[in-house]
>>> print(open('entry_18.cif').read())   # mmCIF, C-alpha atoms
data_structure
#
loop_
_atom_site.group_PDB
_atom_site.id
_atom_site.type_symbol
_atom_site.label_atom_id
_atom_site.label_comp_id
_atom_site.auth_asym_id
_atom_site.auth_seq_id
_atom_site.Cartn_x
_atom_site.Cartn_y
_atom_site.Cartn_z
ATOM 1 C CA MET A 1 14.923 20.349 17.611
ATOM 2 C CA LYS A 2 17.527 22.454 15.860
ATOM 3 C CA PRO A 3 16.516 23.652 12.380
ATOM 4 C CA GLU A 4 19.571 22.071 10.797
ATOM 5 C CA ASP A 5 18.727 18.703 12.397
ATOM 6 C CA PHE A 6 15.144 18.905 11.123
ATOM 7 C CA ASP A 7 16.421 19.721 7.630
ATOM 8 C CA PHE A 8 18.836 16.797 7.742
ATOM 9 C CA LEU A 9 16.220 14.287 8.875
ATOM 10 C CA SER A 10 13.506 15.531 6.530
ATOM 11 C CA THR A 11 15.912 15.355 3.570
ATOM 12 C CA LEU A 12 16.946 11.847 4.602
ATOM 13 C CA LEU A 13 13.323 10.709 4.800
ATOM 14 C CA LYS A 14 12.435 12.207 1.418
ATOM 15 C CA GLU A 15 15.383 10.477 -0.225
ATOM 16 C CA ARG A 16 14.568 7.111 1.348
ATOM 17 C CA SER A 17 10.772 7.050 1.238
ATOM 18 C CA GLY A 18 9.419 10.066 -0.652
ATOM 19 C CA LEU A 19 7.838 11.421 2.551
ATOM 20 C CA VAL A 20 7.730 15.223 2.644
ATOM 21 C CA LEU A 21 7.642 16.887 6.071
ATOM 22 C CA ALA A 22 6.727 20.526 6.537
ATOM 23 C CA ARG A 23 8.560 22.502 9.211
ATOM 24 C CA ASP A 24 5.530 22.435 11.477
ATOM 25 C CA LYS A 25 5.925 18.648 11.746
ATOM 26 C CA GLY A 26 8.964 18.818 13.997
ATOM 27 C CA TYR A 27 6.868 17.428 16.856
ATOM 28 C CA LEU A 28 6.164 14.343 14.723
ATOM 29 C CA LEU A 29 9.854 13.687 14.258
ATOM 30 C CA GLU A 30 10.455 14.000 17.971
ATOM 31 C CA SER A 31 7.555 11.785 19.066
ATOM 32 C CA ARG A 32 8.347 8.998 16.601
ATOM 33 C CA LEU A 33 12.137 9.079 16.643
ATOM 34 C CA LEU A 34 12.797 9.325 20.377
ATOM 35 C CA PRO A 35 11.698 5.683 20.863
ATOM 36 C CA VAL A 36 14.023 4.709 17.989
ATOM 37 C CA ALA A 37 16.898 6.520 19.672
ATOM 38 C CA ARG A 38 16.208 4.717 22.968
ATOM 39 C CA ARG A 39 16.143 1.304 21.256
ATOM 40 C CA HIS A 40 19.588 1.999 19.832
ATOM 41 C CA GLY A 41 20.989 3.264 23.143
ATOM 42 C CA ILE A 42 21.104 6.868 21.938
ATOM 43 C CA LYS A 43 20.275 9.614 24.423
ATOM 44 C CA GLY A 44 18.314 12.029 22.256
ATOM 45 C CA LEU A 45 17.643 13.425 18.800
ATOM 46 C CA ASP A 46 20.832 15.483 18.702
ATOM 47 C CA GLU A 47 22.880 12.362 19.283
ATOM 48 C CA LEU A 48 20.683 10.430 16.837
ATOM 49 C CA VAL A 49 21.418 12.906 14.064
ATOM 50 C CA THR A 50 25.131 12.839 14.886
ATOM 51 C CA SER A 51 25.128 9.043 14.806
ATOM 52 C CA VAL A 52 23.404 8.937 11.407
ATOM 53 C CA ARG A 53 25.773 11.542 9.974
ATOM 54 C CA MET A 54 28.847 9.664 11.154
ATOM 55 C CA ARG A 55 27.952 5.986 10.796
ATOM 56 C CA ARG A 56 25.095 5.695 8.279
ATOM 57 C CA ASP A 57 24.168 2.465 10.060
ATOM 58 C CA ALA A 58 21.752 0.530 7.820
ATOM 59 C CA THR A 59 19.634 -0.783 10.702
ATOM 60 C CA LEU A 60 19.287 2.651 12.275
ATOM 61 C CA LEU A 61 18.391 4.206 8.919
ATOM 62 C CA ARG A 62 15.742 1.535 8.354
ATOM 63 C CA ASP A 63 14.252 2.042 11.830
ATOM 64 C CA ILE A 64 14.086 5.819 11.340
ATOM 65 C CA THR A 65 12.362 5.401 7.977
ATOM 66 C CA GLU A 66 9.890 2.827 9.273
ATOM 67 C CA ALA A 67 9.007 4.932 12.324
ATOM 68 C CA MET A 68 8.073 7.869 10.099
ATOM 69 C CA THR A 69 6.270 6.008 7.323
ATOM 70 C CA THR A 70 4.095 3.632 9.345
ATOM 71 C CA ASN A 71 0.505 4.725 8.760
ATOM 72 C CA GLU A 72 -2.738 3.401 10.119
ATOM 73 C CA SER A 73 -4.994 1.140 8.146
ATOM 74 C CA LEU A 74 -8.387 -0.454 8.675
ATOM 75 C CA PHE A 75 -10.571 -3.127 7.142
ATOM 76 C CA PHE A 76 -12.776 -2.090 4.211
ATOM 77 C CA ARG A 77 -11.602 1.501 4.565
ATOM 78 C CA ASP A 78 -14.222 3.916 3.198
ATOM 79 C CA ILE A 79 -16.200 0.817 1.988
ATOM 80 C CA LYS A 80 -17.154 2.399 -1.393
ATOM 81 C CA PRO A 81 -13.916 1.375 -3.171
ATOM 82 C CA PHE A 82 -14.604 -2.247 -2.263
ATOM 83 C CA GLU A 83 -18.200 -2.028 -3.454
ATOM 84 C CA ILE A 84 -16.913 -0.661 -6.776
ATOM 85 C CA PHE A 85 -14.408 -3.504 -6.963
ATOM 86 C CA LYS A 86 -17.192 -6.072 -6.486
ATOM 87 C CA THR A 87 -19.819 -4.539 -8.776
ATOM 88 C CA LYS A 88 -17.726 -2.898 -11.509
ATOM 89 C CA VAL A 89 -14.016 -3.747 -11.536
ATOM 90 C CA LEU A 90 -14.162 -7.503 -10.978
ATOM 91 C CA PRO A 91 -17.007 -8.178 -13.471
ATOM 92 C CA ASP A 92 -15.288 -6.066 -16.144
ATOM 93 C CA LEU A 93 -11.988 -7.873 -15.690
ATOM 94 C CA MET A 94 -13.613 -11.298 -15.701
ATOM 95 C CA ALA A 95 -15.414 -10.477 -18.925
ATOM 96 C CA GLY A 96 -12.154 -9.462 -20.575
ATOM 97 C CA ARG A 97 -10.031 -12.358 -19.318
ATOM 98 C CA GLN A 98 -12.032 -15.457 -20.159
ATOM 99 C CA SER A 99 -9.058 -16.996 -21.934
ATOM 100 C CA SER A 100 -6.370 -16.486 -19.276
ATOM 101 C CA ARG A 101 -8.723 -16.578 -16.248
ATOM 102 C CA THR A 102 -6.058 -14.728 -14.305
ATOM 103 C CA ILE A 103 -6.296 -11.404 -12.459
ATOM 104 C CA ARG A 104 -3.451 -9.723 -10.579
ATOM 105 C CA VAL A 105 -4.004 -7.058 -7.924
ATOM 106 C CA TRP A 106 -1.324 -4.927 -6.283
ATOM 107 C CA CYS A 107 -1.921 -3.287 -2.907
ATOM 108 C CA ALA A 108 0.857 -0.696 -2.626
ATOM 109 C CA ALA A 109 1.861 0.587 0.818
ATOM 110 C CA SER A 110 -0.330 -2.078 2.409
ATOM 111 C CA SER A 111 0.760 -1.325 5.987
ATOM 112 C CA SER A 112 -0.477 -3.987 8.445
ATOM 113 C CA GLY A 113 -2.537 -5.884 5.874
ATOM 114 C CA GLN A 114 -6.126 -4.773 6.385
ATOM 115 C CA GLU A 115 -6.602 -3.648 2.771
ATOM 116 C CA PRO A 116 -5.314 -6.794 1.028
ATOM 117 C CA TYR A 117 -7.130 -9.034 3.515
ATOM 118 C CA SER A 118 -10.335 -7.077 2.888
ATOM 119 C CA LEU A 119 -9.932 -7.808 -0.823
ATOM 120 C CA ALA A 120 -9.159 -11.452 -0.093
ATOM 121 C CA MET A 121 -12.345 -11.819 1.964
ATOM 122 C CA LEU A 122 -14.362 -10.076 -0.744
ATOM 123 C CA LEU A 123 -12.960 -12.468 -3.352
ATOM 124 C CA LYS A 124 -13.610 -15.455 -1.109
ATOM 125 C CA GLU A 125 -17.223 -14.366 -0.741
ATOM 126 C CA GLU A 126 -17.618 -14.422 -4.530
ATOM 127 C CA GLY A 127 -17.050 -18.171 -4.334
ATOM 128 C CA ALA A 128 -18.487 -19.992 -7.342
ATOM 129 C CA LYS A 129 -18.076 -17.007 -9.665
ATOM 130 C CA LEU A 130 -14.308 -17.354 -9.394
ATOM 131 C CA ALA A 131 -14.107 -21.136 -9.737
ATOM 132 C CA ASN A 132 -11.101 -22.049 -11.913
ATOM 133 C CA TRP A 133 -9.829 -18.471 -11.792
ATOM 134 C CA ARG A 134 -6.373 -17.534 -10.542
ATOM 135 C CA ILE A 135 -6.503 -14.328 -8.505
ATOM 136 C CA GLU A 136 -3.167 -13.024 -7.239
ATOM 137 C CA VAL A 137 -3.086 -10.338 -4.548
ATOM 138 C CA VAL A 138 0.387 -8.873 -4.057
ATOM 139 C CA ALA A 139 0.815 -6.534 -1.089
ATOM 140 C CA THR A 140 3.914 -4.406 -0.585
ATOM 141 C CA ASP A 141 5.219 -1.996 2.000
ATOM 142 C CA ILE A 142 8.478 -0.266 2.832
ATOM 143 C CA SER A 143 8.227 -1.310 6.475
ATOM 144 C CA VAL A 144 9.531 -4.760 7.405
ATOM 145 C CA GLU A 145 7.780 -4.451 10.767
ATOM 146 C CA MET A 146 4.408 -3.826 9.126
ATOM 147 C CA LEU A 147 4.930 -6.670 6.667
ATOM 148 C CA GLU A 148 5.623 -9.087 9.509
ATOM 149 C CA LYS A 149 2.477 -7.967 11.297
ATOM 150 C CA ALA A 150 0.470 -8.366 8.098
ATOM 151 C CA LYS A 151 1.834 -11.841 7.437
ATOM 152 C CA ALA A 152 0.937 -12.903 10.980
ATOM 153 C CA GLY A 153 -2.685 -11.857 10.405
ATOM 154 C CA SER A 154 -3.278 -11.218 14.093
ATOM 155 C CA TYR A 155 -5.312 -8.164 15.104
ATOM 156 C CA SER A 156 -6.559 -6.538 18.292
ATOM 157 C CA GLN A 157 -10.212 -6.102 19.217
ATOM 158 C CA PHE A 158 -9.876 -2.415 18.349
ATOM 159 C CA GLU A 159 -8.488 -3.220 14.892
ATOM 160 C CA VAL A 160 -11.205 -5.705 13.932
ATOM 161 C CA GLN A 161 -13.930 -3.361 15.142
ATOM 162 C CA ARG A 162 -12.836 -0.721 12.632
ATOM 163 C CA GLY A 163 -14.659 -1.395 9.379
ATOM 164 C CA LEU A 164 -14.897 -5.179 9.546
ATOM 165 C CA PRO A 165 -18.501 -6.477 9.300
ATOM 166 C CA ILE A 166 -19.400 -8.788 12.177
ATOM 167 C CA ASN A 167 -20.400 -11.611 9.817
ATOM 168 C CA LEU A 168 -16.932 -11.602 8.223
ATOM 169 C CA LEU A 169 -15.260 -11.429 11.630
ATOM 170 C CA MET A 170 -17.150 -14.520 12.757
ATOM 171 C CA LYS A 171 -16.557 -16.321 9.459
ATOM 172 C CA TYR A 172 -12.886 -15.619 8.822
ATOM 173 C CA PHE A 173 -11.328 -14.927 12.234
ATOM 174 C CA LYS A 174 -10.716 -16.977 15.362
ATOM 175 C CA GLN A 175 -10.279 -15.362 18.753
ATOM 176 C CA ILE A 176 -7.059 -16.366 20.487
ATOM 177 C CA GLY A 177 -6.637 -14.657 23.850
ATOM 178 C CA ASP A 178 -7.079 -10.933 23.301
ATOM 179 C CA LYS A 179 -6.281 -11.181 19.559
ATOM 180 C CA TRP A 180 -8.218 -12.182 16.465
ATOM 181 C CA GLN A 181 -6.384 -14.490 14.057
ATOM 182 C CA ILE A 182 -7.405 -14.402 10.403
ATOM 183 C CA ASP A 183 -8.128 -17.709 8.692
ATOM 184 C CA ASN A 184 -5.168 -19.400 7.014
ATOM 185 C CA ALA A 185 -7.081 -19.636 3.737
ATOM 186 C CA ILE A 186 -7.389 -15.834 3.622
ATOM 187 C CA ARG A 187 -3.759 -15.345 4.640
ATOM 188 C CA GLY A 188 -2.685 -17.675 1.854
ATOM 189 C CA MET A 189 -4.434 -15.526 -0.761
ATOM 190 C CA VAL A 190 -2.042 -12.595 -0.200
ATOM 191 C CA LYS A 191 1.668 -12.539 -1.053
ATOM 192 C CA TYR A 192 3.710 -9.907 0.795
ATOM 193 C CA ARG A 193 6.887 -8.253 -0.436
ATOM 194 C CA GLU A 194 9.089 -5.450 0.808
ATOM 195 C CA PHE A 195 8.997 -2.639 -1.734
ATOM 196 C CA ASN A 196 9.747 1.082 -1.796
ATOM 197 C CA LEU A 197 7.454 3.157 -4.037
ATOM 198 C CA LEU A 198 10.478 5.205 -5.116
ATOM 199 C CA GLU A 199 11.736 2.082 -6.916
ATOM 200 C CA ASP A 200 10.641 0.764 -10.312
ATOM 201 C CA PRO A 201 7.637 -1.573 -9.838
ATOM 202 C CA ALA A 202 8.454 -3.463 -13.033
ATOM 203 C CA THR A 203 10.142 -6.035 -10.772
ATOM 204 C CA LEU A 204 6.683 -6.942 -9.436
ATOM 205 C CA GLY A 205 5.275 -7.798 -12.854
ATOM 206 C CA ASN A 206 2.104 -6.517 -14.514
ATOM 207 C CA PHE A 207 -1.230 -5.890 -12.828
ATOM 208 C CA ASP A 208 -4.898 -5.550 -13.659
ATOM 209 C CA VAL A 209 -5.712 -3.475 -10.567
ATOM 210 C CA ILE A 210 -3.488 -1.246 -8.445
ATOM 211 C CA PHE A 211 -4.549 0.034 -5.033
ATOM 212 C CA CYS A 212 -2.404 3.009 -4.021
ATOM 213 C CA ARG A 213 -4.737 4.720 -1.600
ATOM 214 C CA ASN A 214 -3.819 7.477 0.865
ATOM 215 C CA VAL A 215 -0.128 7.298 0.000
ATOM 216 C CA LEU A 216 0.540 10.018 -2.551
ATOM 217 C CA ILE A 217 -0.657 12.726 -0.133
ATOM 218 C CA TYR A 218 2.701 12.369 1.630
ATOM 219 C CA PHE A 219 4.748 12.984 -1.551
ATOM 220 C CA ASP A 220 5.640 16.173 -3.378
ATOM 221 C CA GLN A 221 4.327 16.642 -6.918
ATOM 222 C CA PRO A 222 7.411 15.457 -8.862
ATOM 223 C CA THR A 223 7.473 12.262 -6.787
ATOM 224 C CA LYS A 224 3.738 11.701 -7.315
ATOM 225 C CA THR A 225 4.235 12.075 -11.057
ATOM 226 C CA LYS A 226 7.120 9.634 -11.124
ATOM 227 C CA VAL A 227 5.263 7.018 -9.072
ATOM 228 C CA LEU A 228 2.099 7.242 -11.195
ATOM 229 C CA ASP A 229 3.984 7.216 -14.498
ATOM 230 C CA ARG A 230 5.788 4.041 -13.463
ATOM 231 C CA MET A 231 2.511 2.443 -12.393
ATOM 232 C CA SER A 232 0.989 3.251 -15.771
ATOM 233 C CA ARG A 233 3.638 1.083 -17.421
ATOM 234 C CA ILE A 234 2.730 -2.061 -15.468
ATOM 235 C CA LEU A 235 -1.060 -1.666 -15.540
ATOM 236 C CA ALA A 236 -3.068 -3.583 -18.132
ATOM 237 C CA PRO A 237 -4.596 -1.368 -20.877
ATOM 238 C CA ASP A 238 -8.065 -2.017 -19.447
ATOM 239 C CA GLY A 239 -6.880 -1.996 -15.826
ATOM 240 C CA PHE A 240 -7.918 0.115 -12.853
ATOM 241 C CA LEU A 241 -6.036 2.357 -10.431
ATOM 242 C CA TYR A 242 -7.410 3.222 -7.001
ATOM 243 C CA LEU A 243 -6.342 6.378 -5.172
ATOM 244 C CA GLY A 244 -7.495 7.838 -1.863
ATOM 245 C CA GLY A 245 -10.406 10.242 -1.591
ATOM 246 C CA ALA A 246 -8.094 13.243 -1.165
ATOM 247 C CA GLU A 247 -5.857 12.241 -4.076
ATOM 248 C CA THR A 248 -6.137 12.851 -7.806
ATOM 249 C CA VAL A 249 -4.224 12.436 -11.057
ATOM 250 C CA ILE A 250 -5.412 15.797 -12.387
ATOM 251 C CA GLY A 251 -2.464 18.140 -12.717
ATOM 252 C CA VAL A 252 -0.103 15.340 -11.699
ATOM 253 C CA THR A 253 0.076 13.034 -14.719
ATOM 254 C CA GLU A 254 -1.546 12.698 -18.126
ATOM 255 C CA ARG A 255 -1.184 8.930 -18.153
ATOM 256 C CA PHE A 256 -4.366 8.365 -16.138
ATOM 257 C CA GLN A 257 -7.865 9.767 -16.273
ATOM 258 C CA PRO A 258 -10.815 9.472 -13.843
ATOM 259 C CA LEU A 259 -13.226 6.631 -14.452
ATOM 260 C CA GLN A 260 -16.470 8.476 -14.954
ATOM 261 C CA GLY A 261 -19.039 7.794 -12.253
ATOM 262 C CA TYR A 262 -16.589 6.008 -9.942
ATOM 263 C CA ARG A 263 -14.885 8.407 -7.545
ATOM 264 C CA GLY A 264 -11.341 7.483 -6.614
ATOM 265 C CA VAL A 265 -10.948 5.019 -9.508
ATOM 266 C CA TYR A 266 -8.839 5.781 -12.578
ATOM 267 C CA CYS A 267 -8.032 4.168 -15.894
ATOM 268 C CA LEU A 268 -5.268 4.732 -18.400
ATOM 269 C CA SER A 269 -5.730 7.743 -20.639
ATOM 270 C CA SER A 270 -6.897 6.868 -24.138
ATOM 271 C CA GLY A 271 -3.440 7.271 -25.657
ATOM 272 C CA GLN A 272 -1.881 5.083 -22.981
ATOM 273 C CA ALA A 273 -4.567 2.402 -23.107
ATOM 274 C CA THR A 274 -3.924 1.733 -26.789
ATOM 275 C CA GLN A 275 -0.357 0.737 -26.062
ATOM 276 C CA PRO A 276 0.122 -3.062 -25.958
ATOM 277 C CA ALA A 277 0.678 -4.261 -22.421
ATOM 278 C CA PRO A 278 3.941 -6.160 -21.768
ATOM 279 C CA MET A 279 3.076 -9.798 -21.184
ATOM 280 C CA ALA A 280 5.693 -10.749 -18.591
ATOM 281 C CA ARG A 281 4.306 -12.196 -15.381
ATOM 282 C CA VAL A 282 6.491 -12.359 -12.334
ATOM 283 C CA ALA A 283 6.025 -15.089 -9.759
ATOM 284 C CA VAL A 284 5.782 -13.579 -6.288
#
>>> encode(input="entry_18.cif", output="C-alpha cells")
Amino acid sequence: MKPEDFDFLSTLLKERSGLVLARDKGYLLESRLLPVARRHGIKGLDELVTSVRMRRDATLLRDITEAMTTNESLFFRDIKPFEIFKTKVLPDLMAGRQSSRTIRVWCAASSSGQEPYSLAMLLKEEGAKLANWRIEVVATDISVEMLEKAKAGSYSQFEVQRGLPINLLMKYFKQIGDKWQIDNAIRGMVKYREFNLLEDPATLGNFDVIFCRNVLIYFDQPTKTKVLDRMSRILAPDGFLYLGGAETVIGVTERFQPLQGYRGVYCLSSGQATQPAPMARVAV
C-alpha cells in the first residue's frame, strides 16, 4: 500500500470513528478492506482509495468504517466486572433508587451483543430482588452489521463456548441447527441503537452505569478525553463507569476517579458528583 493511500484511509477512519492506526498496521487495512473492495466491484485498494476520493459514496464509506471497527466480543468477558456489578454496583444503585425503582445501563460499542446479553442474564438471575423494578439496558455500536447480529441473538458453538457458563447456556439458549438462539425474554431486555462514540451521547438520555470497555485503547488521547467528558455529563452523580483492564482515566480526564478496591470501575470525581444530574429520560 502506498504511504499516501495509508494516510488517506487512516485519516478517514479517525474522522469517522476515532480509530487511530499506526503505520505498522497497513496489513490490517489490506486484510480487512480487500473484501470490501470486492463486494463493491473494485479491483484493489488503489482503486478503492480513488473511488472514495472521487465519489464519497455513503455506503462504501460505511462499509470501510465497519470493516475496520468490528471487534471481537465474548460472554462475561473477564468475569470480574460482572461479579462487581452483581455484588457492588447493583446493590448500591438499588439502595439509592427506592423511590424511582429505575436503573439505566449503557453498553457502548457493544459489538455483537455478548456484553449486554451477559448483563441481561445476570439481571434475570437476580429474579425476585428486582421485582417491580424497571431496568433498561441500552446497547449501541457504530456498526449496523454488528447491531443486526446482536438483535438476532444467534451465536455459533464457538461463540457460546467463550465465557458463557454451561448452566446459563442450557437455561437461556436453544440450539437450532449449528447455532444457539438466545431466549426471547433476554433479547427483549436489551434495546439496540446505532451510535458513534464521537457524537454527543446526550441523545441517549442519562444513565446509572456505563460500560465502555476495551474501546478507548483505539483512540488517541484528545479523543479519549472528549468521549469521557461527555459521558460524565450523562452519568448519575452516584453512577459507575466501566473501562477495560488496559484502560484508565488517569492522565486522560479529571471528571472520573477510580473506585477504590474495584479495578476497572470508576465514579465521578468529587467535584463532578456534587453537580445535580439532569433529570431527562429518553425513551429508547
>>> residues_near_point(input="entry_18.cif", point="(19.9, 18.1, 15.1)", cutoff="10 Å", atoms="all atoms listed in the file", output="number ranges by chain")
A: 1-9, 44-50
>>> residues_around(input="entry_18.cif", residues="A:Leu12", least_positions_apart="2", cutoff="12 Å", atoms="only C-alpha atoms", output="ChimeraX atom specification")
/A:5-10,14-21,49,52-53,56,61-62,64-65,68
>>> resolve_selection(input="entry_18.cif", expression="the PyMOL selection byres ((chain A and resi 254) around 10)", output="short mmCIF file (atom, residue, chain, number, x, y, z; two decimals) with C-alpha atoms, in the coordinates of the input")
data_model
loop_
_atom_site.label_atom_id
_atom_site.label_comp_id
_atom_site.auth_asym_id
_atom_site.auth_seq_id
_atom_site.Cartn_x
_atom_site.Cartn_y
_atom_site.Cartn_z
CA THR A 225 4.24 12.08 -11.06
CA LEU A 228 2.10 7.24 -11.20
CA ASP A 229 3.98 7.22 -14.50
CA VAL A 249 -4.22 12.44 -11.06
CA ILE A 250 -5.41 15.80 -12.39
CA GLY A 251 -2.46 18.14 -12.72
CA VAL A 252 -0.10 15.34 -11.70
CA THR A 253 0.08 13.03 -14.72
CA ARG A 255 -1.18 8.93 -18.15
CA PHE A 256 -4.37 8.36 -16.14
CA GLN A 257 -7.86 9.77 -16.27
CA LEU A 268 -5.27 4.73 -18.40
CA SER A 269 -5.73 7.74 -20.64
CA SER A 270 -6.90 6.87 -24.14
CA GLY A 271 -3.44 7.27 -25.66
CA GLN A 272 -1.88 5.08 -22.98
#
>>> closest_atom_pairs(input="entry_18.cif", of="stretch 118-139 of chain A", to="stretch 190-194 of chain A", cutoff="7 Å", atoms="all atoms listed in the file", output="Markdown table")
| residue | atom | partner | partner_atom | distance |
| --- | --- | --- | --- | --- |
| A:Val137 | CA | A:Val190 | CA | 5.0 |
| A:Val138 | CA | A:Lys191 | CA | 4.9 |
| A:Ala139 | CA | A:Tyr192 | CA | 4.8 |
>>> atom_distance(input="entry_18.cif", atom1="atom CA of A:Leu33", atom2="atom CA of A:Leu60")
10.6 Å
>>> closest_atom_pairs(input="entry_18.cif", of="stretch 190-214 of chain A", to="stretch 97-112 of chain A", cutoff="6 Å", atoms="all atoms listed in the file", output="JSON lines")
{"residue": "A:Phe207", "atom": "CA", "partner": "A:Arg104", "partner_atom": "CA", "distance": 5.0}
{"residue": "A:Asp208", "atom": "CA", "partner": "A:Arg104", "partner_atom": "CA", "distance": 5.4}
{"residue": "A:Val209", "atom": "CA", "partner": "A:Val105", "partner_atom": "CA", "distance": 4.8}
{"residue": "A:Ile210", "atom": "CA", "partner": "A:Trp106", "partner_atom": "CA", "distance": 4.8}
{"residue": "A:Phe211", "atom": "CA", "partner": "A:Cys107", "partner_atom": "CA", "distance": 4.7}
{"residue": "A:Cys212", "atom": "CA", "partner": "A:Ala108", "partner_atom": "CA", "distance": 5.1}
>>> resolve_selection(input="entry_18.cif", expression="the PyMOL selection byres ((chain A and resi 124) around 12)", output="PDB file with C-alpha atoms, keeping the file's coordinate frame")
ATOM      1  CA  LYS A  86     -17.192  -6.072  -6.486  1.00  0.00           C
ATOM      2  CA  TYR A 117      -7.130  -9.034   3.515  1.00  0.00           C
ATOM      3  CA  SER A 118     -10.335  -7.077   2.888  1.00  0.00           C
ATOM      4  CA  LEU A 119      -9.932  -7.808  -0.823  1.00  0.00           C
ATOM      5  CA  ALA A 120      -9.159 -11.452  -0.093  1.00  0.00           C
ATOM      6  CA  MET A 121     -12.345 -11.819   1.964  1.00  0.00           C
ATOM      7  CA  LEU A 122     -14.362 -10.076  -0.744  1.00  0.00           C
ATOM      8  CA  LEU A 123     -12.960 -12.468  -3.352  1.00  0.00           C
ATOM      9  CA  GLU A 125     -17.223 -14.366  -0.741  1.00  0.00           C
ATOM     10  CA  GLU A 126     -17.618 -14.422  -4.530  1.00  0.00           C
ATOM     11  CA  GLY A 127     -17.050 -18.171  -4.334  1.00  0.00           C
ATOM     12  CA  ALA A 128     -18.487 -19.992  -7.342  1.00  0.00           C
ATOM     13  CA  LYS A 129     -18.076 -17.007  -9.665  1.00  0.00           C
ATOM     14  CA  LEU A 130     -14.308 -17.354  -9.394  1.00  0.00           C
ATOM     15  CA  ALA A 131     -14.107 -21.136  -9.737  1.00  0.00           C
ATOM     16  CA  TRP A 133      -9.829 -18.471 -11.792  1.00  0.00           C
ATOM     17  CA  ILE A 135      -6.503 -14.328  -8.505  1.00  0.00           C
ATOM     18  CA  LEU A 168     -16.932 -11.602   8.223  1.00  0.00           C
ATOM     19  CA  LYS A 171     -16.557 -16.321   9.459  1.00  0.00           C
ATOM     20  CA  TYR A 172     -12.886 -15.619   8.822  1.00  0.00           C
ATOM     21  CA  ASP A 183      -8.128 -17.709   8.692  1.00  0.00           C
ATOM     22  CA  ALA A 185      -7.081 -19.636   3.737  1.00  0.00           C
ATOM     23  CA  ILE A 186      -7.389 -15.834   3.622  1.00  0.00           C
ATOM     24  CA  ARG A 187      -3.759 -15.345   4.640  1.00  0.00           C
ATOM     25  CA  GLY A 188      -2.685 -17.675   1.854  1.00  0.00           C
ATOM     26  CA  MET A 189      -4.434 -15.526  -0.761  1.00  0.00           C
ATOM     27  CA  VAL A 190      -2.042 -12.595  -0.200  1.00  0.00           C
TER      28      VAL A 190
END
>>> atom_distance(input="entry_18.cif", atom1="atom CA of A:Phe173", atom2="atom CA of A:Thr140")
22.5 Å
>>> atom_distance(input="entry_18.cif", atom1="atom CA of A:Phe158", atom2="atom CA of A:Asp78")
17.0 Å
>>> closest_residue(input="entry_18.cif", among="A:Thr223, A:Trp180, A:Lys43, A:Tyr266", to="A:Gln161", atoms="all atoms listed in the file")
A:Trp180
>>> resolve_selection(input="entry_18.cif", expression="the PyMOL selection byres ((chain A and resi 164) around 10)", output="mmCIF file with C-alpha atoms, in the frame of the given file")
data_model
loop_
_atom_site.group_PDB
_atom_site.id
_atom_site.type_symbol
_atom_site.label_atom_id
_atom_site.label_comp_id
_atom_site.auth_asym_id
_atom_site.auth_seq_id
_atom_site.Cartn_x
_atom_site.Cartn_y
_atom_site.Cartn_z
ATOM 1 C CA LEU A 74 -8.387 -0.454 8.675
ATOM 2 C CA PHE A 75 -10.571 -3.127 7.142
ATOM 3 C CA PHE A 76 -12.776 -2.090 4.211
ATOM 4 C CA ARG A 77 -11.602 1.501 4.565
ATOM 5 C CA ILE A 79 -16.200 0.817 1.988
ATOM 6 C CA GLN A 114 -6.126 -4.773 6.385
ATOM 7 C CA SER A 118 -10.335 -7.077 2.888
ATOM 8 C CA GLU A 159 -8.488 -3.220 14.892
ATOM 9 C CA VAL A 160 -11.205 -5.705 13.932
ATOM 10 C CA GLN A 161 -13.930 -3.361 15.142
ATOM 11 C CA ARG A 162 -12.836 -0.721 12.632
ATOM 12 C CA GLY A 163 -14.659 -1.395 9.379
ATOM 13 C CA PRO A 165 -18.501 -6.477 9.300
ATOM 14 C CA ILE A 166 -19.400 -8.788 12.177
ATOM 15 C CA ASN A 167 -20.400 -11.611 9.817
ATOM 16 C CA LEU A 168 -16.932 -11.602 8.223
ATOM 17 C CA LEU A 169 -15.260 -11.429 11.630
#
>>> closest_atom_pairs(input="entry_18.cif", of="stretch 152-248 of chain A", to="stretch 22-30 of chain A", cutoff="12 Å", atoms="all atoms listed in the file", output="JSON lines")
{"residue": "A:Tyr218", "atom": "CA", "partner": "A:Ala22", "partner_atom": "CA", "distance": 10.3}
{"residue": "A:Phe219", "atom": "CA", "partner": "A:Ala22", "partner_atom": "CA", "distance": 11.2}
{"residue": "A:Asp220", "atom": "CA", "partner": "A:Ala22", "partner_atom": "CA", "distance": 10.9}
>>> closest_residue(input="entry_18.cif", among="A:Arg134, A:Arg38, A:Lys88, A:Lys179", to="A:Tyr155", atoms="only C-alpha atoms")
A:Lys179
>>> closest_residue(input="entry_18.cif", among="A:Thr248, A:Asn196, A:Gln260, A:Thr59", to="A:Leu216", atoms="all atoms listed in the file")
A:Thr248
>>> axis_aligned_box(input="entry_18.cif", around="stretch 171-182 of chain A", padding_each_side="4 Å", output="JSON")
{"center_x": -11.4, "center_y": -14.0, "center_z": 16.3, "size_x": 18.3, "size_y": 14.0, "size_z": 23.0}
>>> closest_residue(input="entry_18.cif", among="A:Lys224, A:Pro258, A:Glu136, A:Gly239", to="A:Val89", atoms="all atoms listed in the file")
A:Gly239
>>> closest_residue(input="entry_18.cif", among="A:Arg230, A:Ala67, A:Asp200, A:Asn206", to="A:Leu34", atoms="all atoms listed in the file")
A:Ala67
>>> residues_around(input="entry_18.cif", residues="A:Gln181", least_positions_apart="4", cutoff="6 Å", atoms="all atoms listed in the file", output="list in words")
Gly153, Ser154, Phe173 and Lys174 of chain A
